[in-house]
Amino acid sequence: MSLNRRVVLYVLPGCDRCESARLWLSHEGVRFSEVNVLAQPRKARHITLGCIPPYPVLEVDGDVFTGADTNRLSSIFASPASPEVPVR
């Protein structure tokens with residue numbers, strides 16, 4: 001389902017929504033890498049934009065989506081060109 005997209009899931013430890021997003025991506029066969037923002041803050045610096053976004057944060061081909069729950073994930077991955085407008 002990822003259609004050769006570069007997908008990164010930014011998570012916080014103990015975040016239930018992050019775990020739900022992780023499970024959804026895996027179940028749907030989306031290939032993704034994961035960044036724990038507390039353990040790897042430098043890798044997540046560009047998504048925080050000086051504030052703490054709602055987690056999980058999903059980056060798809062450079063577009064950043066915050067608060068990615070399963071409904072948003074379905075929308076983001078519904079077509080090759082994401083119908084949803086990213087944060088940037």
# chains A, B, ... in the order shown; residues from 1 in each chain; ligands from 1
$ residues_around --residues "Val35 of chain A" --least-positions-apart "2" --cutoff "12 Å" --atoms "only C-alpha atoms" --output "MDAnalysis selection string"
chainID A and resid 7:13 18 22 32:33 37:45 47 55:59
$ residues_around --residues "Leu23 of chain A" --least-positions-apart "6" --cutoff "10 Å" --atoms "only C-alpha atoms" --output "JSON, numbers by chain"
{"A": [17, 29, 70]}
$ atom_distance --atom1 "atom CA of Asn36 of chain A" --atom2 "atom CA of Ala78 of chain A"
25.8 Å
$ atom_distance --atom1 "atom CA of Asp63 of chain A" --atom2 "atom CA of Gly14 of chain A"
24.7 Å
$ select_by_dssp --residues "segment 6-66 of chain A" --states "strand (DSSP E or B)" --output "ChimeraX atom specification"
/A:7-11,33-36,57-60,63-66
